[in-house]
$ cat structure.cif   # mmCIF, C-alpha atoms
data_entry
loop_
_atom_site.label_atom_id
_atom_site.label_comp_id
_atom_site.auth_asym_id
_atom_site.auth_seq_id
_atom_site.Cartn_x
_atom_site.Cartn_y
_atom_site.Cartn_z
CA MET A 65 61.74 -101.07 10.21
CA ASN A 66 58.92 -100.46 12.69
CA TRP A 67 55.53 -100.96 11.00
CA GLU A 68 53.58 -100.89 14.28
CA PRO A 69 51.55 -97.73 13.53
CA PHE A 70 50.06 -99.57 10.55
CA PHE A 71 50.15 -103.19 11.72
CA THR A 72 50.16 -105.40 14.79
CA SER A 73 52.34 -108.30 15.91
CA PRO A 74 51.47 -111.06 16.54
CA PRO A 75 48.97 -110.94 13.70
CA PRO A 76 45.29 -110.48 14.54
CA SER A 77 43.10 -113.58 14.31
CA THR A 78 40.32 -111.83 12.39
CA GLY A 79 40.52 -109.63 9.30
CA TRP A 80 37.62 -107.85 7.64
CA VAL A 81 38.15 -106.73 4.06
CA PHE A 82 35.92 -104.25 2.26
CA ASP A 83 35.15 -102.89 -1.13
CA SER A 84 32.23 -100.78 -2.29
CA GLN A 85 30.01 -103.81 -2.97
CA MET A 86 30.87 -106.35 -0.27
CA VAL A 87 32.52 -107.10 3.04
CA ALA A 88 34.28 -110.38 3.85
CA VAL A 89 35.71 -111.76 7.07
CA ALA A 90 38.60 -114.21 7.49
CA HIS A 91 39.12 -115.75 10.93
CA ARG A 92 41.99 -117.92 12.17
CA SER A 93 40.60 -120.41 14.67
CA LYS A 94 42.42 -121.90 17.66
CA THR A 95 43.21 -124.92 15.47
CA GLU A 96 44.82 -122.57 12.91
CA GLU A 97 42.08 -123.18 10.35
CA ILE A 98 40.88 -120.10 8.50
CA HIS A 99 37.16 -119.64 7.98
CA CYS A 100 35.70 -117.09 5.58
CA ALA A 101 32.32 -115.54 4.89
CA ALA A 102 31.09 -112.61 2.83
CA GLU A 103 27.99 -110.53 2.23
CA ASP A 104 27.00 -107.85 -0.23
CA ILE A 105 26.68 -104.31 1.09
CA PRO A 106 23.28 -102.79 0.21
CA VAL A 107 23.25 -99.59 -1.80
CA GLY A 108 23.71 -96.60 0.48
CA GLY A 109 25.92 -98.27 3.06
CA LEU A 110 29.07 -96.34 2.15
CA ASP A 111 29.90 -93.02 0.50
CA VAL A 112 33.19 -92.89 -1.41
CA GLY A 113 34.34 -89.63 -2.97
CA PRO A 114 37.39 -88.16 -4.71
CA VAL A 115 39.54 -88.28 -1.56
CA GLY A 116 38.38 -91.70 -0.35
CA LEU A 117 35.84 -92.97 2.13
CA GLN A 118 33.61 -90.10 3.23
CA ALA A 119 30.76 -91.62 5.23
CA VAL A 120 29.51 -94.90 6.68
CA HIS A 121 25.81 -95.48 7.35
CA ASP A 122 25.39 -97.77 10.34
CA ASP A 123 21.73 -98.48 9.65
CA VAL A 124 22.76 -100.15 6.38
CA LEU A 125 26.21 -101.57 7.20
CA GLY A 126 25.58 -102.55 10.82
CA PRO A 127 23.22 -105.49 10.13
CA VAL A 128 25.68 -106.90 7.57
CA LEU A 129 28.53 -106.87 10.09
CA ALA A 130 26.31 -108.40 12.76
CA ARG A 131 25.43 -111.36 10.52
CA LEU A 132 29.10 -111.98 9.71
CA LYS A 133 30.27 -111.71 13.32
CA GLY A 134 29.53 -115.37 14.03
CA VAL A 135 32.38 -116.49 11.78
CA ALA A 136 34.85 -114.96 14.23
CA GLU A 137 33.94 -117.41 17.02
CA GLY A 138 33.63 -114.82 19.76
CA THR A 139 36.76 -112.82 18.93
CA ASP A 140 36.24 -109.26 20.15
CA THR A 141 39.03 -107.51 18.19
CA ALA A 142 39.67 -107.25 14.48
CA ALA A 143 41.78 -105.76 11.72
CA VAL A 144 39.84 -103.81 9.10
CA ILE A 145 41.34 -103.72 5.60
CA VAL A 146 39.87 -101.21 3.19
CA PRO A 147 40.57 -100.47 -0.48
CA THR A 148 43.75 -98.47 -0.87
CA GLY A 149 41.77 -95.77 -2.64
CA TRP A 150 39.63 -95.18 0.47
CA LEU A 151 42.62 -93.63 2.26
CA ARG A 152 45.55 -91.58 1.01
CA SER A 153 49.21 -92.48 1.52
CA PHE A 154 52.30 -90.36 0.98
CA LEU A 155 56.07 -90.41 1.36
CA ILE A 156 56.96 -86.97 2.66
CA GLU A 157 60.54 -85.68 2.76
CA VAL A 158 61.51 -83.65 5.81
CA ASP A 159 64.79 -81.94 6.64
CA GLN A 160 64.54 -82.52 10.38
CA PRO A 161 61.47 -84.32 11.76
CA PRO A 162 60.27 -82.76 15.03
CA ARG A 163 61.00 -84.86 18.08
CA TRP A 164 57.57 -84.53 19.67
CA GLU A 165 54.56 -86.24 18.13
CA ASN A 166 52.23 -83.25 18.31
CA GLU A 167 54.78 -81.10 16.47
CA LEU A 168 55.35 -83.87 13.92
CA PHE A 169 51.62 -84.09 13.22
CA ASP A 170 51.47 -80.31 12.80
CA VAL A 171 54.18 -80.52 10.14
CA VAL A 172 52.38 -83.35 8.36
CA ARG A 173 49.02 -81.54 8.43
CA TRP A 174 50.66 -78.44 6.97
CA ARG A 175 52.11 -80.52 4.13
CA LEU A 176 48.81 -82.31 3.51
CA LYS A 177 47.06 -78.95 3.20
CA LYS A 178 48.83 -78.61 -0.14
CA LEU A 179 48.09 -82.17 -1.26
CA LEU A 180 44.44 -82.81 -0.33
CA PRO A 181 41.27 -80.73 -0.90
CA ILE A 182 40.07 -81.17 2.67
CA PRO A 183 40.91 -79.26 5.87
CA PRO A 184 43.77 -81.06 7.66
CA ALA A 185 41.88 -80.84 10.94
CA GLU A 186 39.29 -83.26 9.50
CA LEU A 187 41.88 -85.98 8.84
CA ARG A 188 43.08 -88.89 10.92
CA LEU A 189 46.81 -89.53 10.59
CA SER A 190 49.13 -92.48 10.98
CA VAL A 191 52.80 -91.55 10.63
CA ILE A 192 55.96 -93.66 10.52
CA ARG A 193 59.41 -92.10 10.77
CA LEU A 194 61.51 -93.90 8.18
CA PRO A 195 65.24 -94.61 8.50
CA GLU A 196 67.42 -92.14 6.63
CA ALA A 197 68.21 -93.20 3.03
CA ASP A 198 70.59 -91.47 0.63
CA GLY A 199 70.91 -88.59 3.07
CA GLN A 200 67.16 -87.93 3.09
CA ARG A 201 64.65 -88.31 5.89
CA ARG A 202 61.11 -89.34 5.01
CA LEU A 203 57.80 -89.92 6.71
CA LEU A 204 55.33 -92.56 5.59
CA VAL A 205 51.87 -91.09 6.10
CA MET A 206 48.46 -92.72 5.80
CA THR A 207 45.42 -90.53 6.25
CA GLY A 208 41.66 -90.72 6.00
CA ILE A 209 38.64 -88.60 6.82
CA GLU A 210 38.22 -88.76 10.59
CA ARG A 211 34.43 -88.96 10.62
CA ALA A 212 34.51 -91.97 8.28
CA MET A 213 37.18 -93.77 10.32
CA ALA A 214 35.27 -93.11 13.53
CA ALA A 215 32.04 -94.35 11.91
CA ILE A 216 33.70 -97.67 11.00
CA GLU A 217 34.85 -98.09 14.59
CA ASP A 218 31.37 -97.23 15.88
CA CYS A 219 29.78 -99.85 13.59
CA TYR A 220 32.01 -102.55 15.04
CA SER A 221 31.64 -101.30 18.59
CA ALA A 222 27.87 -101.66 18.24
CA ILE A 223 28.31 -105.42 17.68
CA GLY A 224 30.88 -105.85 20.44
CA ILE A 225 34.07 -105.75 18.36
CA GLU A 226 37.01 -103.42 18.91
CA VAL A 227 38.91 -102.35 15.79
CA GLY A 228 42.59 -103.02 16.44
CA LEU A 229 43.75 -101.34 13.25
CA ILE A 230 42.50 -99.93 9.99
CA THR A 231 44.86 -100.34 7.06
CA THR A 232 44.73 -100.59 3.28
CA ARG A 233 45.07 -103.51 0.91
CA LEU A 234 48.41 -102.15 -0.27
CA PHE A 235 50.02 -102.21 3.17
CA ALA A 236 48.37 -105.51 4.08
CA LEU A 237 50.21 -106.98 1.09
CA VAL A 238 53.66 -105.76 2.20
CA PRO A 239 55.85 -108.84 2.69
CA ARG A 240 56.45 -109.54 6.37
CA LEU A 241 60.14 -110.15 5.69
CA ALA A 242 60.59 -107.34 3.16
CA GLY A 243 64.23 -106.37 2.99
CA ASP A 244 65.68 -109.79 3.79
CA ALA A 245 66.54 -110.44 0.15
CA LEU A 246 65.75 -108.44 -2.99
CA PRO A 247 64.16 -105.02 -3.24
CA THR A 248 60.40 -105.51 -3.45
CA LEU A 249 57.92 -103.75 -5.71
CA VAL A 250 54.24 -104.20 -4.82
CA ILE A 251 51.83 -103.37 -7.66
CA GLN A 252 48.25 -103.37 -6.40
CA HIS A 253 45.24 -102.64 -8.60
CA GLU A 254 41.63 -102.26 -7.56
CA GLU A 255 38.59 -100.63 -9.06
CA SER A 256 39.54 -97.06 -10.01
CA PHE A 257 42.89 -97.06 -8.14
CA LEU A 258 46.50 -98.14 -8.77
CA SER A 259 49.26 -98.28 -6.16
CA LEU A 260 52.99 -98.99 -6.53
CA LEU A 261 55.26 -99.34 -3.50
CA LEU A 262 59.01 -100.00 -3.61
CA LEU A 263 60.81 -101.29 -0.52
CA VAL A 264 64.59 -101.46 -0.24
CA ASP A 265 65.96 -103.20 2.86
CA GLY A 266 62.41 -103.14 4.17
CA VAL A 267 62.14 -99.34 3.91
CA PRO A 268 59.68 -97.63 1.51
CA ARG A 269 61.64 -95.70 -1.09
CA LEU A 270 58.92 -94.95 -3.60
CA LEU A 271 55.14 -94.72 -3.31
CA ARG A 272 52.89 -93.85 -6.20
CA THR A 273 49.10 -93.90 -6.12
CA LYS A 274 46.85 -92.98 -9.02
CA PRO A 275 43.06 -92.77 -9.36
CA LEU A 276 41.93 -94.50 -12.54
CA PRO A 277 39.01 -93.82 -14.86
CA LEU A 278 36.00 -96.09 -14.39
CA SER A 279 36.37 -97.74 -17.77
CA SER A 280 37.48 -101.03 -19.24
CA GLY A 281 40.33 -99.25 -21.02
CA ASP A 282 42.44 -98.57 -17.94
CA GLY A 283 44.85 -101.42 -18.75
CA GLU A 284 46.96 -99.16 -20.96
CA THR A 285 47.17 -96.58 -18.15
CA ILE A 286 48.27 -99.21 -15.65
CA MET A 287 50.98 -100.63 -17.89
CA LYS A 288 52.24 -97.13 -18.68
CA GLU A 289 52.45 -96.25 -14.98
CA ALA A 290 54.25 -99.51 -14.19
CA THR A 291 56.77 -98.89 -17.00
CA LEU A 292 57.40 -95.29 -15.94
CA THR A 293 57.82 -96.35 -12.32
CA LEU A 294 60.31 -99.07 -13.23
CA ALA A 295 62.35 -96.58 -15.28
CA PHE A 296 62.40 -94.16 -12.34
CA VAL A 297 63.47 -96.93 -9.97
CA ARG A 298 66.34 -97.89 -12.28
CA LYS A 299 67.58 -94.42 -13.22
CA SER A 300 66.73 -92.13 -10.33
CA ILE A 301 66.78 -94.44 -7.32
CA GLY A 302 69.61 -96.50 -8.80
CA ILE A 303 68.30 -100.04 -8.31
CA GLY A 304 70.20 -101.92 -10.99
CA GLY A 305 69.87 -105.53 -9.90
CA GLU A 306 66.93 -107.87 -9.58
CA ILE A 307 63.67 -106.66 -8.07
CA GLU A 308 61.02 -108.96 -6.65
CA VAL A 309 57.54 -107.98 -7.82
CA ARG A 310 54.31 -108.82 -6.01
CA LEU A 311 51.12 -108.35 -8.05
CA ASN A 312 47.53 -108.07 -6.87
CA SER A 313 44.52 -107.32 -9.06
CA GLU A 314 40.98 -108.52 -8.47
CA ARG A 315 40.22 -108.46 -12.21
CA PRO A 316 41.48 -111.65 -13.90
CA GLU A 317 42.07 -109.94 -17.25
CA MET A 318 44.15 -107.22 -15.57
CA ASP A 319 46.08 -109.80 -13.57
CA ALA A 320 46.96 -111.60 -16.81
CA MET A 321 48.02 -108.34 -18.46
CA MET A 322 50.23 -107.39 -15.52
CA ARG A 323 51.88 -110.81 -15.43
CA ALA A 324 52.58 -110.65 -19.17
CA TRP A 325 54.19 -107.25 -18.65
CA LEU A 326 56.25 -108.62 -15.77
CA ALA A 327 57.51 -111.54 -17.87
CA ASP A 328 58.81 -109.09 -20.49
CA GLN A 329 60.86 -106.97 -18.06
CA ALA A 330 64.52 -107.80 -17.57
CA GLY A 331 65.58 -108.10 -13.93
CA LEU A 332 62.10 -108.45 -12.45
CA VAL A 333 61.42 -111.60 -10.45
CA PRO A 334 57.82 -112.65 -9.73
CA ALA A 335 57.26 -113.11 -6.01
CA ALA A 336 56.71 -116.69 -4.95
CA GLU A 337 53.07 -117.57 -4.50
CA LEU A 338 52.20 -117.85 -0.83
CA ALA A 339 51.54 -121.34 0.45
CA GLY A 340 49.46 -120.13 3.36
CA PRO A 341 46.46 -121.87 4.87
CA SER A 342 43.42 -122.09 2.63
CA CYS A 343 40.19 -120.34 3.46
CA GLY A 344 36.94 -122.24 3.66
CA PRO A 345 34.36 -122.74 2.48
CA THR A 346 35.59 -122.77 -1.11
CA THR A 347 32.31 -121.27 -2.29
CA VAL A 348 33.31 -117.99 -0.63
CA VAL A 349 36.75 -118.01 -2.24
CA ASN A 350 35.28 -118.83 -5.64
CA ARG A 351 32.74 -116.06 -5.31
CA LEU A 352 35.19 -113.35 -4.29
CA GLY A 353 38.34 -114.47 -6.08
CA PRO A 354 41.70 -114.93 -4.34
CA ALA A 355 42.88 -111.34 -4.92
CA ARG A 356 40.04 -109.84 -2.89
CA LEU A 357 40.68 -112.15 0.05
CA ALA A 358 44.48 -112.05 -0.14
CA PRO A 359 44.98 -108.96 2.09
CA ALA A 360 42.86 -110.41 4.91
CA LEU A 361 44.46 -113.84 4.65
CA ALA A 362 47.91 -112.25 4.62
CA VAL A 363 47.22 -110.36 7.83
CA VAL A 364 45.58 -113.17 9.84
CA SER A 365 48.08 -115.82 8.71
CA GLY A 366 51.06 -113.63 9.57
CA GLU A 367 52.81 -114.45 6.27
CA LEU A 368 52.55 -110.87 5.17
CA ARG A 369 52.48 -107.77 7.26
#
$ encode --input "structure.cif" --output "structure tokens"
Amino acid sequence: MNWEPFFTSPPPSTGWVFDSQMVAVAHRSKTEEIHCAAEDIPVGGLDVGPVGLQAVHDDVLGPVLARLKGVAEGTDTAAVIVPTGWLRSFLIEVDQPPRWENELFDVVRWRLKKLLPIPPAELRLSVIRLPEADGQRRLLVMTGIERAMAAIEDCYSAIGIEVGLITTRLFALVPRLAGDALPTLVIQHEESFLSLLLLVDGVPRLLRTKPLPLSSGDGETIMKEATLTLAFVRKSIGIGGEIEVRLNSERPEMDAMMRAWLADQAGLVPAAELAGPSCGPTTVVNRLGPARLAPALAVVSGELR
């Protein structure tokens, strides 16, 4: 399927990955080595609310980006990867998608009016028309608050970098060759947000996202959601064979819990660990943990989409 509205090909050489506390950059050099660096974001650099990223303060974030720019060795374009919870993603069923883009966006904005507590005119949209499946037509929609997206682009423009795309960790982790073998279920967990995405023949068939309480007891909620999703996939979507599962959680204890759950489920196959190029220096990787860097490394290495 065509992922171009969310991704680029060939892969960008530089990926910047955010969370509320830090920003990291991964850059693929001309010799195919990948260099990484990271800095903490001072308090007040970003405002994140109930519907995602709401504001970016250039006076706080700008100096951080400027200091990290040197890692990119003069590259003037970049991919920006944000927490999945900073944007909102939906699979929307439509009887007959309008042919023209402006009409399609009008339909999507009307549907989002019922799903999000923010005026649709204040949203930026990215929309993919999905191939028909089981007689149904669907749209894959990713949306964020326009003023926040524009502020990110302005921060990079101020240091001479053009943002080639803004995407989420979830979609950065979509296998590049999804659909070539087994159905793929991506389970991605980050602070206060859980995402589950099922792809069949490379096409999204199920997308569930869930804000989580800011507590250490969210493991039970995550395992419950994963179990309910698997039951729905088996019974309602009708996937009866093996399913490849790709896990990503930045919390080691949650990663262990998810892998133990996976090992107990019949018919689920853990995705092979990627053997992509390592990121140096190792002090950066050790500080951040592999799960936080994985989306950026996946994008710049081209192993994932």
$ residues_around --input "structure.cif" --residues "stretch 350-365 of chain A" --least-positions-apart "6" --cutoff "10 Å" --atoms "all atoms listed in the file" --output "short mmCIF file (atom, residue, chain, number, x, y, z; two decimals) with C-alpha atoms, in the frame of the given file"
data_model
loop_
_atom_site.label_atom_id
_atom_site.label_comp_id
_atom_site.auth_asym_id
_atom_site.auth_seq_id
_atom_site.Cartn_x
_atom_site.Cartn_y
_atom_site.Cartn_z
CA PHE A 71 50.15 -103.19 11.72
CA THR A 72 50.16 -105.40 14.79
CA SER A 73 52.34 -108.30 15.91
CA PRO A 74 51.47 -111.06 16.54
CA PRO A 75 48.97 -110.94 13.70
CA PRO A 76 45.29 -110.48 14.54
CA SER A 77 43.10 -113.58 14.31
CA THR A 78 40.32 -111.83 12.39
CA GLY A 79 40.52 -109.63 9.30
CA TRP A 80 37.62 -107.85 7.64
CA VAL A 81 38.15 -106.73 4.06
CA PHE A 82 35.92 -104.25 2.26
CA ASP A 83 35.15 -102.89 -1.13
CA MET A 86 30.87 -106.35 -0.27
CA VAL A 87 32.52 -107.10 3.04
CA ALA A 88 34.28 -110.38 3.85
CA VAL A 89 35.71 -111.76 7.07
CA ALA A 90 38.60 -114.21 7.49
CA HIS A 91 39.12 -115.75 10.93
CA ARG A 92 41.99 -117.92 12.17
CA GLU A 96 44.82 -122.57 12.91
CA GLU A 97 42.08 -123.18 10.35
CA ILE A 98 40.88 -120.10 8.50
CA HIS A 99 37.16 -119.64 7.98
CA CYS A 100 35.70 -117.09 5.58
CA ALA A 101 32.32 -115.54 4.89
CA ALA A 102 31.09 -112.61 2.83
CA ALA A 142 39.67 -107.25 14.48
CA ALA A 143 41.78 -105.76 11.72
CA VAL A 144 39.84 -103.81 9.10
CA ILE A 145 41.34 -103.72 5.60
CA VAL A 146 39.87 -101.21 3.19
CA PRO A 147 40.57 -100.47 -0.48
CA THR A 231 44.86 -100.34 7.06
CA THR A 232 44.73 -100.59 3.28
CA ARG A 233 45.07 -103.51 0.91
CA LEU A 234 48.41 -102.15 -0.27
CA PHE A 235 50.02 -102.21 3.17
CA ALA A 236 48.37 -105.51 4.08
CA LEU A 237 50.21 -106.98 1.09
CA VAL A 238 53.66 -105.76 2.20
CA PRO A 239 55.85 -108.84 2.69
CA ARG A 240 56.45 -109.54 6.37
CA GLN A 252 48.25 -103.37 -6.40
CA HIS A 253 45.24 -102.64 -8.60
CA GLU A 254 41.63 -102.26 -7.56
CA LEU A 311 51.12 -108.35 -8.05
CA ASN A 312 47.53 -108.07 -6.87
CA SER A 313 44.52 -107.32 -9.06
CA GLU A 314 40.98 -108.52 -8.47
CA ARG A 315 40.22 -108.46 -12.21
CA PRO A 316 41.48 -111.65 -13.90
CA ASP A 319 46.08 -109.80 -13.57
CA LEU A 338 52.20 -117.85 -0.83
CA GLY A 340 49.46 -120.13 3.36
CA PRO A 341 46.46 -121.87 4.87
CA SER A 342 43.42 -122.09 2.63
CA CYS A 343 40.19 -120.34 3.46
#
$ resolve_selection --input "structure.cif" --expression "the PyMOL selection byres ((chain A and resi 303) around 12)" --output "list in words"
Leu246, Pro247, Thr248, Leu249, Leu262, Leu263, Val264, Asp265, Arg269, Leu270, Thr293, Leu294, Ala295, Phe296, Val297, Arg298, Lys299, Ser300, Ile301, Gly302, Gly304, Gly305, Glu306, Ile307, Glu308, Gly331 and Leu332 of chain A
$ residues_around --input "structure.cif" --residues "A:Ile209" --least-positions-apart "3" --cutoff "8 Å" --atoms "only C-alpha atoms" --output "short mmCIF file (atom, residue, chain, number, x, y, z; two decimals) with C-alpha atoms, in the coordinates of the input"
data_model
loop_
_atom_site.label_atom_id
_atom_site.label_comp_id
_atom_site.auth_asym_id
_atom_site.auth_seq_id
_atom_site.Cartn_x
_atom_site.Cartn_y
_atom_site.Cartn_z
CA GLY A 116 38.38 -91.70 -0.35
CA LEU A 117 35.84 -92.97 2.13
CA GLN A 118 33.61 -90.10 3.23
CA LEU A 151 42.62 -93.63 2.26
CA GLU A 186 39.29 -83.26 9.50
CA LEU A 187 41.88 -85.98 8.84
CA ARG A 188 43.08 -88.89 10.92
CA ALA A 212 34.51 -91.97 8.28
CA MET A 213 37.18 -93.77 10.32
#
$ resolve_selection --input "structure.cif" --expression "the PyMOL selection byres ((chain A and resi 201) around 9)" --output "JSON, numbers by chain"
{"A": [156, 157, 158, 159, 160, 161, 193, 194, 195, 196, 197, 198, 199, 200, 202, 203]}
$ residues_around --input "structure.cif" --residues "A:Thr285" --least-positions-apart "5" --cutoff "12 Å" --atoms "only C-alpha atoms" --output "PyMOL selection string"
chain A and resi 253+256-258+274-280+290-292+318+321-322
$ atom_distance --input "structure.cif" --atom1 "atom CA of A:Thr139" --atom2 "atom CA of A:Thr207"
27.1 Å
$ resolve_selection --input "structure.cif" --expression "the PyMOL selection byres ((chain A and resi 227) around 10)" --output "PyMOL selection string"
chain A and resi 79-80+140-144+216-221+224-226+228-230
$ atom_distance --input "structure.cif" --atom1 "atom CA of A:Lys177" --atom2 "atom CA of A:Met206"
14.1 Å
$ residues_around --input "structure.cif" --residues "A:Ser153" --least-positions-apart "2" --cutoff "9 Å" --atoms "only C-alpha atoms" --output "PDB file with C-alpha atoms, in the frame of the given file"
ATOM      1  CA  THR A 148      43.750 -98.470  -0.870  1.00  0.00           C
ATOM      2  CA  LEU A 151      42.620 -93.630   2.260  1.00  0.00           C
ATOM      3  CA  LEU A 155      56.070 -90.410   1.360  1.00  0.00           C
ATOM      4  CA  LEU A 204      55.330 -92.560   5.590  1.00  0.00           C
ATOM      5  CA  VAL A 205      51.870 -91.090   6.100  1.00  0.00           C
ATOM      6  CA  MET A 206      48.460 -92.720   5.800  1.00  0.00           C
ATOM      7  CA  THR A 207      45.420 -90.530   6.250  1.00  0.00           C
ATOM      8  CA  GLY A 208      41.660 -90.720   6.000  1.00  0.00           C
ATOM      9  CA  LEU A 271      55.140 -94.720  -3.310  1.00  0.00           C
ATOM     10  CA  ARG A 272      52.890 -93.850  -6.200  1.00  0.00           C
ATOM     11  CA  THR A 273      49.100 -93.900  -6.120  1.00  0.00           C
TER      12      THR A 273
END
$ atom_distance --input "structure.cif" --atom1 "atom CA of A:Val309" --atom2 "atom CA of A:Pro334"
5.1 Å
$ axis_aligned_box --input "structure.cif" --around "stretch 79-89 of chain A" --padding-each-side "4 Å" --output "lines of an AutoDock Vina configuration file"
center_x = 35.3
center_y = -106.3
center_z = 3.2
size_x = 18.5
size_y = 19.0
size_z = 20.3
$ residues_around --input "structure.cif" --residues "stretch 109-113 of chain A" --least-positions-apart "2" --cutoff "8 Å" --atoms "all atoms listed in the file" --output "PyMOL selection string"
chain A and resi 84+105-107+115-125+150
$ build_atoms --input "structure.cif" --residues "stretch 308-326 of chain A" --atoms "N, CA and C atoms" --output "JSON list (two decimals), in the frame of the given file"
[["chain", "number", "residue", "atom", "x", "y", "z"],
["A", 308, "GLU", "N", 62.15, -108.06, -6.80],
["A", 308, "GLU", "CA", 61.02, -108.96, -6.65],
["A", 308, "GLU", "C", 59.73, -108.16, -6.79],
["A", 309, "VAL", "N", 58.79, -108.68, -7.56],
["A", 309, "VAL", "CA", 57.54, -107.98, -7.82],
["A", 309, "VAL", "C", 56.37, -108.81, -7.32],
["A", 310, "ARG", "N", 55.52, -108.17, -6.51],
["A", 310, "ARG", "CA", 54.31, -108.82, -6.01],
["A", 310, "ARG", "C", 53.11, -108.12, -6.64],
["A", 311, "LEU", "N", 52.27, -108.89, -7.33],
["A", 311, "LEU", "CA", 51.12, -108.35, -8.05],
["A", 311, "LEU", "C", 49.82, -108.71, -7.34],
["A", 312, "ASN", "N", 48.86, -107.78, -7.41],
["A", 312, "ASN", "CA", 47.53, -108.07, -6.87],
["A", 312, "ASN", "C", 46.51, -107.26, -7.66],
["A", 313, "SER", "N", 45.62, -107.96, -8.36],
["A", 313, "SER", "CA", 44.52, -107.32, -9.06],
["A", 313, "SER", "C", 43.32, -108.24, -8.99],
["A", 314, "GLU", "N", 42.17, -107.68, -8.62],
["A", 314, "GLU", "CA", 40.98, -108.52, -8.47],
["A", 314, "GLU", "C", 40.33, -108.85, -9.81],
["A", 315, "ARG", "N", 40.77, -108.18, -10.88],
["A", 315, "ARG", "CA", 40.22, -108.46, -12.21],
["A", 315, "ARG", "C", 41.13, -109.44, -12.93],
["A", 316, "PRO", "N", 40.63, -110.62, -13.27],
["A", 316, "PRO", "CA", 41.48, -111.65, -13.90],
["A", 316, "PRO", "C", 42.17, -111.17, -15.17],
["A", 317, "GLU", "N", 41.46, -110.40, -16.01],
["A", 317, "GLU", "CA", 42.07, -109.94, -17.25],
["A", 317, "GLU", "C", 43.20, -108.96, -16.99],
["A", 318, "MET", "N", 43.07, -108.13, -15.91],
["A", 318, "MET", "CA", 44.15, -107.22, -15.57],
["A", 318, "MET", "C", 45.32, -107.97, -14.95],
["A", 319, "ASP", "N", 45.02, -108.97, -14.15],
["A", 319, "ASP", "CA", 46.08, -109.80, -13.57],
["A", 319, "ASP", "C", 46.91, -110.44, -14.67],
["A", 320, "ALA", "N", 46.24, -110.97, -15.70],
["A", 320, "ALA", "CA", 46.96, -111.60, -16.81],
["A", 320, "ALA", "C", 47.81, -110.58, -17.56],
["A", 321, "MET", "N", 47.28, -109.38, -17.76],
["A", 321, "MET", "CA", 48.02, -108.34, -18.46],
["A", 321, "MET", "C", 49.26, -107.92, -17.67],
["A", 322, "MET", "N", 49.10, -107.78, -16.36],
["A", 322, "MET", "CA", 50.23, -107.39, -15.52],
["A", 322, "MET", "C", 51.30, -108.47, -15.49],
["A", 323, "ARG", "N", 50.90, -109.72, -15.45],
["A", 323, "ARG", "CA", 51.88, -110.81, -15.43],
["A", 323, "ARG", "C", 52.61, -110.93, -16.77],
["A", 324, "ALA", "N", 51.92, -110.65, -17.87],
["A", 324, "ALA", "CA", 52.58, -110.65, -19.17],
["A", 324, "ALA", "C", 53.60, -109.53, -19.25],
["A", 325, "TRP", "N", 53.24, -108.36, -18.71],
["A", 325, "TRP", "CA", 54.19, -107.25, -18.65],
["A", 325, "TRP", "C", 55.40, -107.63, -17.80],
["A", 326, "LEU", "N", 55.17, -108.22, -16.66],
["A", 326, "LEU", "CA", 56.25, -108.62, -15.77],
["A", 326, "LEU", "C", 57.21, -109.59, -16.45]]
